[in-house]
Amino acid sequence: MQNETETGPDHFKGPVTVGDYVLKSKLGEGSFSTVWNAKHRLSGQEVALKQVYPSRLNRQLRNCFDCELNFLSSVNHPNIVRLFDVFRAEGCIFLVLEFCAGGSLASYLRHCGRVQEQIVRGFMQQLGAAMEILNSHHIIHRDLKPENILLSVPEDDAVLKISDFGLSRYVHPSDYAETVCGTALYMAPEVLQFQRYDEKVDMWSLGAILFELLNGYPPFRGRTNVQLLQNIKSCKRLPFSQLILPALDPDCVDMCSRLLSINPADRLSFNEFYRHIFLSRKGVAT
Ligand code: ATP
């Protein structure tokens with residue numbers, strides 16, 4: 001990193017450049033990376049620069065990271081964050097990503113509370129389109145959550161983009177993955193129970209996201225993963241808000257309930273989700 005007036009990206013006073021990019025601000029920090037808002041020094045193109053620290057990655061995470069790079073570099077889809085370039089500098093790996101000015105779906109939710117059903121439908125249609133690509137590449141995301149879904153703009157008609165494939169992994173059809181990872185609130189019960197799992201874990205996460213968009217709170221909570229699992233298992237009926245339930249499209253409730261089926265065999269498959277009648281109607285952002 002070259003800083004014309006000060007050293008250290010956290011305290012920079014003048015422009016810091018990395019490769020061909022001028023850092024503007026820090027967007028956030030993950031466990032293994034820092035994400036910067038940056039601008040190409042010649043074209044002025046605004047990007048998100050993800051700085052990955054290889055020393056923080058063990059072998060398994062390195063595999064996950066390689067998987068993210070392989071997948072993102074082979075995909076060009078409006079609902080999956082674009083990877084423009086990858087380069088090395090300062091002992092780090094930098095991913096040049098499409099900048100999503102709308103922030104994450106988590107911040108959108110914090111701002112909106114609950115979201116109107118018509119807008120939710122449009123969002124789910126877009127997530128379905130992204131999942132179709134993952135499915136065709138035999139990728140399980142495993143970490144689908146509002147924090148990992150970015151918005152092109154902070155508006156209701158935003159284009160949603162799945163990002164952060166750091167935990168995703170190529171899984172051969174008929175194979176099952178056994179690693180426990182992802183974020184508990186959106187995690188399928190079979191993952192919480194250390195059981196073998198397949199691509200239906202992403203369907204559960206979509207159900208949890210759908211529920212939270214409609215109600216403004218997640219379907220299940222728990223102070224620990226054990227408690228969360230107990231709450232999932234003891235749930236007789238999904239805790240839909242009585243403020244919205246009477247006016248909610250029964251097809252929407254049906255889709256949500258079937259995505260949140262505890263038994264993966266009863267849970268909607270991707271194809272059943274994508275063809276569900278609730279998604280076939282016109283949404284806001286398609
Ligand atoms: P972890 O990697 O530990 O799960 P994380 O998902 O929060 O954590 P990152 O994916 O590195 O970590 O993201 C850090 C922050 O940067 C998040 O707040 C995210 O919203 C933001 N961010 C990531 N990618 C982009 C992007 N392409 N455009 C705009 N903001 C982004």
# chains A, B, ... in the order shown; residues from 1 in each chain; ligands from 1
call {"tool": "residues_near_ligand", "arguments": {"ligand": "ligand 1", "cutoff": "10 Å", "atoms": "only C-alpha atoms and all ligand atoms", "output": "tab-separated table (two decimals) with C-alpha atoms, in the first residue's frame"}}
result
chain	number	residue	atom	x	y	z
A	26	LYS	CA	-13.51	0.94	4.92
A	27	LEU	CA	-16.84	-0.80	4.26
A	28	GLY	CA	-16.38	-3.45	6.88
A	29	GLU	CA	-14.30	-6.19	8.31
A	30	GLY	CA	-14.84	-9.96	8.33
A	31	SER	CA	-12.88	-12.65	10.13
A	32	PHE	CA	-10.41	-13.09	7.28
A	33	SER	CA	-10.75	-9.94	5.28
A	34	THR	CA	-11.28	-6.22	5.18
A	35	VAL	CA	-13.51	-4.68	2.52
A	36	TRP	CA	-12.74	-1.24	1.12
A	37	ASN	CA	-14.67	1.13	-1.08
A	46	GLU	CA	-16.01	2.49	-8.10
A	47	VAL	CA	-15.43	-1.00	-6.68
A	48	ALA	CA	-15.36	-2.96	-3.44
A	49	LEU	CA	-11.83	-4.17	-2.74
A	50	LYS	CA	-11.75	-7.24	-0.53
A	51	GLN	CA	-8.38	-7.62	1.16
A	52	VAL	CA	-7.89	-11.23	2.24
A	80	ILE	CA	-24.39	-12.60	-7.96
A	81	VAL	CA	-21.76	-10.05	-7.03
A	82	ARG	CA	-19.29	-9.63	-9.93
A	83	LEU	CA	-15.61	-10.36	-9.49
A	95	LEU	CA	-10.54	-9.24	-4.88
A	96	VAL	CA	-11.89	-6.45	-7.05
A	97	LEU	CA	-15.66	-6.75	-6.65
A	98	GLU	CA	-18.68	-4.92	-7.98
A	99	PHE	CA	-19.59	-2.18	-5.48
A	100	CYS	CA	-23.08	-2.54	-4.03
A	101	ALA	CA	-24.10	0.93	-2.87
A	102	GLY	CA	-27.28	-0.28	-1.12
A	103	GLY	CA	-25.39	-2.13	1.62
A	104	SER	CA	-26.61	-5.45	2.94
A	105	LEU	CA	-30.12	-6.84	3.24
A	106	ALA	CA	-29.48	-6.87	7.00
A	107	SER	CA	-29.08	-3.09	7.07
A	143	ASP	CA	-23.98	-19.17	4.73
A	145	LYS	CA	-28.08	-14.72	5.54
A	146	PRO	CA	-29.17	-11.08	5.20
A	147	GLU	CA	-25.57	-9.91	5.83
A	148	ASN	CA	-24.40	-11.82	2.75
A	149	ILE	CA	-27.00	-10.40	0.40
A	150	LEU	CA	-26.14	-6.99	-0.98
A	151	LEU	CA	-28.33	-4.36	-2.64
A	152	SER	CA	-27.35	-2.39	-5.75
A	161	LYS	CA	-26.72	-9.82	-5.14
A	162	ILE	CA	-25.51	-12.84	-3.25
A	163	SER	CA	-22.00	-12.22	-1.98
A	164	ASP	CA	-19.42	-13.76	0.28
A	165	PHE	CA	-19.00	-17.29	-0.94
A	166	GLY	CA	-16.20	-17.81	1.56
A	167	LEU	CA	-17.99	-20.77	3.10
A	182	GLY	CA	-22.68	-20.70	8.63
A	183	THR	CA	-24.70	-18.43	10.86
call {"tool": "residues_around", "arguments": {"residues": "segment 191-207 of chain A", "least_positions_apart": "2", "cutoff": "7 Å", "atoms": "only C-alpha atoms", "output": "PyMOL selection string"}}
result
chain A and resi 140-142+144-145+176-178+180+186-189+209-211+225+229+256+259-260+264+269-270
call {"tool": "closest_residue", "arguments": {"among": "A:Phe220, A:Ala247, A:Leu127, A:Leu134", "to": "Tyr274 of chain A", "atoms": "only C-alpha atoms"}}
result
A:Leu127
call {"tool": "select_by_dssp", "arguments": {"residues": "segment 34-171 of chain A", "states": "strand (DSSP E or B)", "output": "PyMOL selection string"}}
result
chain A and resi 34-40+46-52+80+83-89+92-98+104+139-140+149-151+160-162+169-170
call {"tool": "atom_distance", "arguments": {"atom1": "atom CA of Leu279 of chain A", "atom2": "atom CA of Pro78 of chain A"}}
result
18.1 Å
call {"tool": "closest_residue", "arguments": {"among": "A:Val16, A:Ile244, A:Cys235, A:Leu57", "to": "Lys39 of chain A", "atoms": "only C-alpha atoms"}}
result
A:Val16
call {"tool": "closest_residue", "arguments": {"among": "A:Gln227, A:Gln45, A:Gln118, A:Gln125", "to": "Asn79 of chain A", "atoms": "only C-alpha atoms"}}
result
A:Gln125
call {"tool": "select_by_dssp", "arguments": {"residues": "segment 78-173 of chain A", "states": "helix (DSSP H, G or I)", "output": "number ranges by chain"}}
result
A: 105-112, 117-136, 146-148
call {"tool": "atom_distance", "arguments": {"atom1": "atom CA of Gly19 of chain A", "atom2": "atom CA of Val86 of chain A"}}
result
10.4 Å
call {"tool": "residues_around", "arguments": {"residues": "Val18 of chain A", "least_positions_apart": "3", "cutoff": "12 Å", "atoms": "only C-alpha atoms", "output": "PyMOL selection string"}}
result
chain A and resi 1-4+9+15+21-24+36-41+49-51+86-96
call {"tool": "atom_distance", "arguments": {"atom1": "atom CA of Ser261 of chain A", "atom2": "atom CA of Arg110 of chain A"}}
result
26.2 Å
